[in-house]
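Content type TSV, C-alpha atoms, from the file query_17.tsv:
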```
chain	number	residue	atom	x	y	z
W	1	MET	CA	17.30	30.36	21.36
W	2	ASN	CA	19.52	31.12	18.40
W	3	LYS	CA	18.31	29.16	15.41
W	4	GLN	CA	21.61	29.50	13.59
W	5	ASP	CA	23.25	27.39	16.28
W	6	MET	CA	20.62	24.68	16.04
W	7	THR	CA	21.11	23.14	12.63
W	8	TYR	CA	18.76	20.56	11.18
W	9	LYS	CA	20.88	17.62	12.24
W	10	THR	CA	22.38	18.50	15.62
W	11	PRO	CA	23.31	16.84	17.93
W	12	TYR	CA	23.74	13.68	15.86
W	13	ALA	CA	26.97	12.44	14.32
W	14	GLU	CA	25.96	11.29	10.83
W	15	SER	CA	27.51	13.34	8.03
W	16	ASP	CA	25.69	14.65	4.96
W	17	GLU	CA	27.59	12.18	2.78
W	18	TYR	CA	26.51	9.27	4.96
W	19	VAL	CA	22.86	10.33	4.87
W	20	ASP	CA	22.98	10.93	1.11
W	21	ALA	CA	24.32	7.39	0.60
W	22	LEU	CA	21.54	6.07	2.84
W	23	VAL	CA	18.96	7.98	0.78
W	24	ASN	CA	20.37	6.60	-2.49
W	25	ASN	CA	20.30	3.07	-1.14
W	26	ALA	CA	16.71	3.39	0.09
W	27	THR	CA	15.66	4.90	-3.26
W	28	GLU	CA	17.11	1.98	-5.22
W	29	LYS	CA	15.52	-0.56	-2.88
W	30	ALA	CA	12.13	1.12	-3.18
W	31	ILE	CA	12.34	1.05	-6.99
W	32	ALA	CA	13.44	-2.60	-7.00
W	33	LYS	CA	10.64	-3.58	-4.64
W	34	GLY	CA	8.08	-1.62	-6.63
W	35	LYS	CA	9.13	-3.32	-9.86
W	36	GLY	CA	8.98	-6.70	-8.18
W	37	LYS	CA	5.41	-6.06	-7.04
W	38	LYS	CA	4.35	-4.89	-10.53
W	39	GLY	CA	5.81	-8.07	-12.04
W	40	LYS	CA	3.91	-10.25	-9.54
W	41	LYS	CA	0.66	-8.42	-10.28
W	42	ARG	CA	1.13	-9.05	-14.00
W	43	ILE	CA	1.71	-12.77	-13.43
W	44	ILE	CA	-1.35	-13.07	-11.20
W	45	LEU	CA	-3.48	-11.21	-13.75
W	46	THR	CA	-2.25	-13.44	-16.58
W	47	LEU	CA	-2.91	-16.65	-14.63
W	48	THR	CA	-6.36	-15.42	-13.62
W	49	SER	CA	-7.21	-14.61	-17.26
W	50	ILE	CA	-6.06	-18.05	-18.39
W	51	GLY	CA	-8.09	-19.69	-15.63
W	52	ALA	CA	-11.19	-17.71	-16.54
W	53	ALA	CA	-10.78	-18.55	-20.23
W	54	ALA	CA	-10.35	-22.26	-19.42
W	55	ALA	CA	-13.48	-22.18	-17.27
W	56	CYS	CA	-15.48	-20.57	-20.09
W	57	ILE	CA	-14.29	-23.18	-22.56
W	58	ALA	CA	-15.16	-26.01	-20.16
W	59	ILE	CA	-18.67	-24.64	-19.64
W	60	ALA	CA	-19.19	-24.16	-23.37
W	61	LEU	CA	-18.06	-27.73	-24.11
W	62	ASN	CA	-20.27	-29.15	-21.37
W	63	MET	CA	-23.30	-27.48	-22.85
W	64	SER	CA	-22.60	-28.93	-26.33
W	65	TYR	CA	-21.93	-32.53	-25.39
W	66	VAL	CA	-23.83	-35.17	-23.42
W	67	THR	CA	-22.70	-38.63	-22.46
W	68	ASP	CA	-24.24	-41.65	-24.17
W	69	SER	CA	-23.25	-44.92	-22.60
W	70	GLY	CA	-20.09	-43.29	-21.34
W	71	LYS	CA	-19.13	-41.94	-24.74
W	72	TRP	CA	-19.24	-38.32	-25.83
W	73	THR	CA	-21.61	-37.70	-28.68
W	74	LYS	CA	-22.79	-34.49	-30.22
W	75	GLU	CA	-26.23	-33.59	-28.99
W	76	ASN	CA	-28.88	-34.03	-31.65
W	77	ALA	CA	-31.23	-36.17	-29.62
W	78	GLY	CA	-33.18	-33.23	-28.29
W	79	LYS	CA	-34.00	-31.95	-31.75
W	80	ASN	CA	-34.67	-35.43	-33.04
W	81	ILE	CA	-37.01	-36.34	-30.21
W	82	ALA	CA	-39.04	-33.23	-30.91
W	83	LYS	CA	-39.05	-34.01	-34.60
W	84	ALA	CA	-40.05	-37.61	-33.97
W	85	SER	CA	-42.95	-36.68	-31.71
W	86	THR	CA	-44.45	-34.38	-34.30
W	87	SER	CA	-43.93	-36.63	-37.23
W	88	LYS	CA	-44.70	-40.09	-35.81
W	89	THR	CA	-47.31	-41.61	-33.53
W	90	MET	CA	-46.68	-44.53	-31.20
W	91	ASN	CA	-48.21	-46.98	-33.64
W	92	GLU	CA	-46.06	-45.73	-36.44
W	93	ALA	CA	-43.04	-46.18	-34.22
W	94	SER	CA	-43.97	-49.75	-33.41
W	95	THR	CA	-43.40	-50.96	-36.93
W	96	ASN	CA	-39.98	-52.19	-35.85
W	97	GLU	CA	-38.34	-49.86	-38.24
W	98	THR	CA	-34.98	-48.71	-37.18
W	99	SER	CA	-35.16	-44.94	-37.10
W	100	ASP	CA	-32.20	-42.82	-38.10
W	101	ASP	CA	-33.47	-39.96	-36.02
W	102	GLY	CA	-32.11	-40.94	-32.58
W	103	PRO	CA	-31.94	-43.41	-29.71
W	104	LEU	CA	-35.48	-42.77	-28.45
W	105	ASP	CA	-36.93	-43.58	-31.79
W	106	ASP	CA	-34.87	-46.73	-31.95
W	107	PHE	CA	-36.18	-47.74	-28.55
W	108	MET	CA	-39.78	-47.10	-29.51
W	109	ALA	CA	-39.33	-49.02	-32.71
W	110	LYS	CA	-38.19	-52.10	-30.77
W	111	THR	CA	-40.83	-51.87	-28.02
W	112	SER	CA	-44.04	-53.89	-28.20
W	113	ASN	CA	-47.47	-52.24	-27.98
W	114	GLU	CA	-48.06	-53.83	-24.61
W	115	GLU	CA	-44.85	-52.41	-23.24
W	116	LYS	CA	-45.68	-49.02	-24.69
W	117	THR	CA	-49.02	-49.03	-22.87
W	118	MET	CA	-47.34	-49.89	-19.59
W	119	ILE	CA	-44.88	-47.01	-20.10
W	120	ALA	CA	-47.72	-44.59	-20.85
W	121	TYR	CA	-49.54	-45.44	-17.61
W	122	TYR	CA	-46.46	-45.49	-15.36
W	123	GLU	CA	-45.46	-42.56	-13.29
W	124	LEU	CA	-41.99	-41.50	-14.15
W	125	ASP	CA	-40.47	-42.61	-10.90
W	126	GLU	CA	-42.10	-46.03	-11.17
W	127	ILE	CA	-40.22	-46.88	-14.34
W	128	PRO	CA	-37.33	-49.06	-13.22
W	129	GLU	CA	-33.86	-48.03	-14.20
W	130	TYR	CA	-31.96	-50.38	-16.43
N	1	MET	CA	25.13	14.39	-4.37
N	2	ASN	CA	24.12	16.82	-7.10
N	3	ARG	CA	21.12	18.93	-6.38
N	4	ASN	CA	19.27	19.30	-9.65
N	5	SER	CA	17.27	22.31	-10.71
N	6	THR	CA	14.06	20.40	-11.51
N	7	THR	CA	11.04	22.05	-9.96
N	8	ASP	CA	8.47	20.28	-7.81
N	9	GLU	CA	5.96	20.70	-10.64
N	10	GLU	CA	8.27	18.91	-13.04
N	11	ILE	CA	8.98	16.14	-10.54
N	12	LEU	CA	5.28	15.61	-9.93
N	13	ALA	CA	4.60	15.58	-13.68
N	14	MET	CA	7.31	12.94	-14.16
N	15	THR	CA	5.75	10.70	-11.50
N	16	ARG	CA	2.43	10.89	-13.34
N	17	ARG	CA	3.86	9.31	-16.50
N	18	LYS	CA	4.83	5.66	-16.58
N	19	GLU	CA	7.93	6.17	-18.73
N	20	THR	CA	9.39	8.84	-16.44
N	21	PHE	CA	8.04	7.61	-13.10
N	22	ASP	CA	11.28	6.10	-11.79
N	23	GLU	CA	13.33	9.11	-12.78
N	24	GLY	CA	10.80	11.43	-11.14
N	25	PHE	CA	10.91	9.37	-7.95
N	26	LYS	CA	14.71	9.47	-7.89
N	27	GLN	CA	14.71	13.23	-8.27
N	28	LEU	CA	12.10	13.56	-5.54
N	29	MET	CA	14.24	11.53	-3.15
N	30	GLU	CA	17.36	13.43	-4.13
N	31	ARG	CA	15.63	16.71	-3.34
N	32	TYR	CA	13.84	15.75	-0.13
N	33	GLY	CA	15.56	12.59	1.10
N	34	ARG	CA	18.01	14.23	3.46
N	35	GLY	CA	15.33	16.43	5.03
N	36	LEU	CA	12.97	13.47	5.41
N	37	TYR	CA	15.66	11.42	7.15
N	38	TRP	CA	16.36	14.14	9.71
N	39	HIS	CA	12.66	14.78	10.22
N	40	ILE	CA	12.26	11.10	11.10
N	41	ARG	CA	15.43	11.09	13.17
N	42	HIS	CA	14.21	13.92	15.41
N	43	ILE	CA	11.08	11.91	16.12
N	44	VAL	CA	12.62	8.50	16.83
N	45	ALA	CA	16.06	9.63	18.09
N	46	GLY	CA	17.95	6.41	17.21
N	47	HIS	CA	19.75	5.93	13.87
N	48	ASP	CA	18.61	2.31	13.37
N	49	ASP	CA	14.96	3.23	13.89
N	50	ALA	CA	15.36	6.23	11.63
N	51	GLU	CA	16.91	4.10	8.88
N	52	ASP	CA	14.09	1.53	9.07
N	53	ALA	CA	11.40	4.21	9.04
N	54	PHE	CA	13.12	6.00	6.17
N	55	GLN	CA	13.22	2.83	4.06
N	56	GLU	CA	9.51	2.26	4.65
N	57	THR	CA	8.86	5.90	3.79
N	58	SER	CA	10.69	5.52	0.48
N	59	ILE	CA	8.69	2.43	-0.40
N	60	LYS	CA	5.37	4.07	0.50
N	61	ILE	CA	6.19	7.19	-1.51
N	62	TYR	CA	7.11	5.04	-4.50
N	63	GLU	CA	3.87	3.11	-4.24
N	64	LYS	CA	1.55	6.06	-3.67
N	65	ILE	CA	3.01	9.16	-5.34
N	66	GLY	CA	1.40	8.26	-8.66
N	67	THR	CA	-2.04	8.46	-7.04
N	68	LEU	CA	-1.42	11.82	-5.35
N	69	LYS	CA	-4.15	14.27	-6.23
N	70	GLY	CA	-3.46	17.95	-6.02
N	71	ASP	CA	-0.60	20.12	-7.17
N	72	ALA	CA	3.11	20.31	-6.43
N	73	GLY	CA	2.45	22.64	-3.51
N	74	GLN	CA	0.81	19.77	-1.64
N	75	MET	CA	3.49	17.26	-2.55
N	76	LYS	CA	5.96	18.33	0.14
N	77	GLY	CA	3.29	18.21	2.84
N	78	TRP	CA	2.24	14.78	1.62
N	79	ILE	CA	5.72	13.24	1.70
N	80	TYR	CA	6.29	14.63	5.21
N	81	LYS	CA	2.98	13.09	6.21
N	82	VAL	CA	4.19	9.69	5.00
N	83	ALA	CA	7.52	10.13	6.80
N	84	THR	CA	5.79	11.19	10.04
N	85	ASN	CA	3.47	8.19	9.96
N	86	GLU	CA	6.38	5.80	9.45
N	87	ALA	CA	8.31	7.41	12.29
N	88	LEU	CA	5.30	7.05	14.60
N	89	GLN	CA	4.95	3.41	13.52
N	90	GLN	CA	8.56	2.89	14.53
N	91	LEU	CA	7.87	4.43	17.95
N	92	ARG	CA	4.81	2.21	18.43
N	93	LYS	CA	7.03	-0.85	18.03
N	94	ARG	CA	8.83	0.26	21.20
N	95	THR	CA	5.65	0.45	23.25
N	96	THR	CA	3.99	-2.33	25.21
N	97	LEU	CA	0.26	-2.93	25.15
N	98	PHE	CA	-1.69	0.17	26.33
N	99	GLN	CA	1.51	2.21	26.56
N	100	SER	CA	1.41	5.61	24.88
N	101	ILE	CA	4.29	6.73	22.68
N	102	ASP	CA	4.35	9.93	24.74
N	103	SER	CA	5.69	7.87	27.64
N	104	LEU	CA	8.82	7.03	25.65
N	105	SER	CA	10.50	10.40	26.19
N	106	GLU	CA	13.02	9.10	28.77
N	107	GLN	CA	14.03	6.25	26.44
N	108	LEU	CA	14.37	8.65	23.53
N	109	VAL	CA	16.58	11.01	25.53
N	110	GLU	CA	18.87	8.10	26.47
N	111	THR	CA	19.04	6.99	22.82
N	112	MET	CA	19.81	10.53	21.71
N	113	ARG	CA	22.67	10.89	24.19
N	114	ALA	CA	24.10	7.52	23.10
N	115	ASP	CA	23.90	8.47	19.40
N	116	ALA	CA	24.98	12.08	19.72
N	117	SER	CA	28.17	13.34	18.17
N	118	ALA	CA	31.17	13.48	20.50
N	119	ASP	CA	31.59	17.10	19.37
N	120	ALA	CA	28.03	18.05	20.22
N	121	GLU	CA	27.79	21.07	22.45
N	122	LYS	CA	25.88	21.01	25.71
N	123	ALA	CA	23.42	23.54	24.37
N	124	GLU	CA	22.68	21.33	21.37
N	125	LEU	CA	22.14	18.29	23.61
N	126	LEU	CA	19.88	20.28	25.93
N	127	PHE	CA	17.86	21.62	23.02
N	128	GLU	CA	17.34	18.13	21.59
N	129	GLU	CA	16.45	16.80	25.05
N	130	ALA	CA	13.86	19.56	25.44
N	131	THR	CA	12.22	18.65	22.12
N	132	LEU	CA	12.25	14.92	22.89
N	133	ARG	CA	10.45	15.59	26.19
N	134	LEU	CA	7.60	17.33	24.39
N	135	PRO	CA	4.40	15.36	23.76
N	136	THR	CA	4.81	13.63	20.40
N	137	GLN	CA	2.36	15.79	18.46
N	138	GLN	CA	3.94	19.00	19.78
N	139	ARG	CA	7.38	17.70	18.89
N	140	ILE	CA	6.30	16.90	15.35
N	141	VAL	CA	4.72	20.32	14.83
N	142	PHE	CA	7.72	22.11	16.35
N	143	ASN	CA	10.25	20.22	14.21
N	144	MET	CA	8.23	20.72	11.03
N	145	ARG	CA	8.16	24.47	11.58
N	146	TYR	CA	11.49	25.16	13.21
N	147	ARG	CA	13.79	22.59	11.65
N	148	ASP	CA	12.08	21.46	8.44
N	149	GLU	CA	10.81	24.97	7.66
N	150	LEU	CA	7.51	23.77	6.26
N	151	THR	CA	4.81	26.37	5.72
N	152	TYR	CA	1.70	26.12	7.85
N	153	GLU	CA	-0.20	25.00	4.74
N	154	GLN	CA	2.25	22.15	4.21
N	155	MET	CA	2.08	21.26	7.89
N	156	SER	CA	-1.71	21.20	7.67
N	157	GLU	CA	-1.42	18.80	4.71
N	158	ALA	CA	1.03	16.64	6.68
N	159	THR	CA	-0.84	16.52	10.00
N	160	GLY	CA	-4.45	17.00	8.98
N	161	LYS	CA	-4.78	19.78	11.55
N	162	SER	CA	-6.00	23.31	10.96
N	163	ILE	CA	-3.51	26.13	10.57
N	164	SER	CA	-4.77	27.89	13.70
N	165	ASN	CA	-4.38	24.67	15.69
N	166	LEU	CA	-0.84	24.27	14.37
N	167	LYS	CA	0.11	27.83	15.26
N	168	THR	CA	-1.15	27.35	18.80
N	169	THR	CA	0.65	24.01	19.13
N	170	TYR	CA	3.87	25.49	17.81
N	171	HIS	CA	3.64	28.41	20.24
N	172	TYR	CA	3.15	26.10	23.26
N	173	ALA	CA	5.98	23.83	22.14
N	174	TYR	CA	8.33	26.79	21.68
N	175	GLU	CA	7.53	28.12	25.17
N	176	LYS	CA	8.05	24.69	26.78
N	177	ILE	CA	11.44	24.25	25.13
N	178	LYS	CA	12.53	27.73	26.17
N	179	ASN	CA	11.49	27.11	29.80
N	180	TYR	CA	13.16	23.68	29.87
N	181	ILE	CA	16.43	25.11	28.63
N	182	LYS	CA	16.25	27.93	31.20
N	183	GLU	CA	15.64	25.45	34.04
N	184	HIS	CA	18.36	23.01	33.04
N	185	ALA	CA	21.06	25.22	31.62
N	186	GLU	CA	24.09	25.49	33.87
```

Encoded form (structure tokens):
Amino acid sequence: MNKQDMTYKTPYAESDEYVDALVNNATEKAIAKGKGKKGKKRIILTLTSIGAAAACIAIALNMSYVTDSGKWTKENAGKNIAKASTSKTMNEASTNETSDDGPLDDFMAKTSNEEKTMIAYYELDEIPEY
Amino acid sequence: MNRNSTTDEEILAMTRRKETFDEGFKQLMERYGRGLYWHIRHIVAGHDDAEDAFQETSIKIYEKIGTLKGDAGQMKGWIYKVATNEALQQLRKRTTLFQSIDSLSEQLVETMRADASADAEKAELLFEEATLRLPTQQRIVFNMRYRDELTYEQMSEATGKSISNLKTTYHYAYEKIKNYIKEHAE
């Protein structure tokens, strides 16, 4: 075999110019496709970041607020209940004073001694829901 | 097309920087595109298949060249590896379930004769027929060495085979082609 007679493209008909044009075309398409993919990745990353940020905000808000009769109120009741239990006894609460400390204190203030006794002896799940 | 004087090292360095990546890719394709096309063509025989495989090769090189580890010496082997894989993918599309691509040789010879230049000499047709009748792996190794003039190191990078294995494969392929031409030459 004589290698000089067997060039890299024989026996096919396509000229060098044709193949070079094909190469150019494929190169441009590859660049365009690559740029398109990079753009899509950026959009997906941006949307994911926004979604994650929104989720964090929603969780943070949910932890700060509780519903009270269907309305949003800022949560102080927890602190106030604790404060009330250390500073007042049941009898003190039954003086029908309206407490400024929170809803539980208000409730206790308006509840009679008899009712308070019944609450104290009830199991939690026996107390009817209102 | 102008062949620039940028070295492989410079091309590889360009593809490793975001601001020069596209330019580096273009220069890479300008330097090796023609050779890659013909490498694919001698595997798949038909122009349409070669064009499809070449387009996929370009896209894959664009996507992956930035992650290529190693130096410029391995770059040529790597791009021929990508081209070979795409050519084999194109051949697999022609096979039915459980059919090996090695069984496509008759089809490939017919495609080659249909696509060949009207001016092609009988010896050129016979030579191409002999290579297309080789088992696929032998054909790839033979073309890489004889036509594409890759070094054995580059061929090892492209095929994943050892240099000694490649030398043996090339030797067997060469002998088969020689015998085929002797038997079928008028």

Pull out every residue of chain W that has at least one atom within 8 Å of chain N, counting only C-alpha atoms, and report them as a PyMOL selection string. chain W and resi 1+5-14+16-17+19-20+22-24+26-27+29-31+33-34

I'd like the contact shell of range 92-105 of chain N - 9 Å cut-off, all atoms listed in the file, skipping same-chain residues fewer than 3 positions apart - returned as a PyMOL selection string. chain N and resi 87-89+108-110+129+132-137

Next, dump the selected residues to file, keeping only C-alpha atoms, as a compact mmCIF listing (two decimals), in the coordinates of the input.
```
# COMPACT_ATOMS: atom_id res chain seq x y z
CA ALA N 87 8.31 7.41 12.29
CA LEU N 88 5.30 7.05 14.60
CA GLN N 89 4.95 3.41 13.52
CA LEU N 108 14.37 8.65 23.53
CA VAL N 109 16.58 11.01 25.53
CA GLU N 110 18.87 8.10 26.47
CA GLU N 129 16.45 16.80 25.05
CA LEU N 132 12.25 14.92 22.89
CA ARG N 133 10.45 15.59 26.19
CA LEU N 134 7.60 17.33 24.39
CA PRO N 135 4.40 15.36 23.76
CA THR N 136 4.81 13.63 20.40
CA GLN N 137 2.36 15.79 18.46
```

For CA of Gln138 in chain N and CA of Tyr172 in chain N, determine how far apart the two atoms are, in Å to one decimal place.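 So the answer is 7.9 Å.
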
Draw an axis-aligned box over all listed atoms of range 169-178 of chain N, pad each side with 5 Å, and write its centre and edge lengths in Å, one decimal, as JSON.
```
{"center_x": 6.6, "center_y": 26.1, "center_z": 22.3, "size_x": 21.9, "size_y": 14.6, "size_z": 19.0}
```

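Using only C-alpha atoms, the nearest neighbour of Glu86 in chain N within the list N:Val44, N:Ala72, N:Met155, N:Ala53 is N:Ala53.
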
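Separating CA of Tyr152 in chain N from CA of Gly73 in chain N is a distance of 11.9 Å.
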
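Between CA of Ala173 in chain N and CA of Gln107 in chain N the separation is 19.8 Å.
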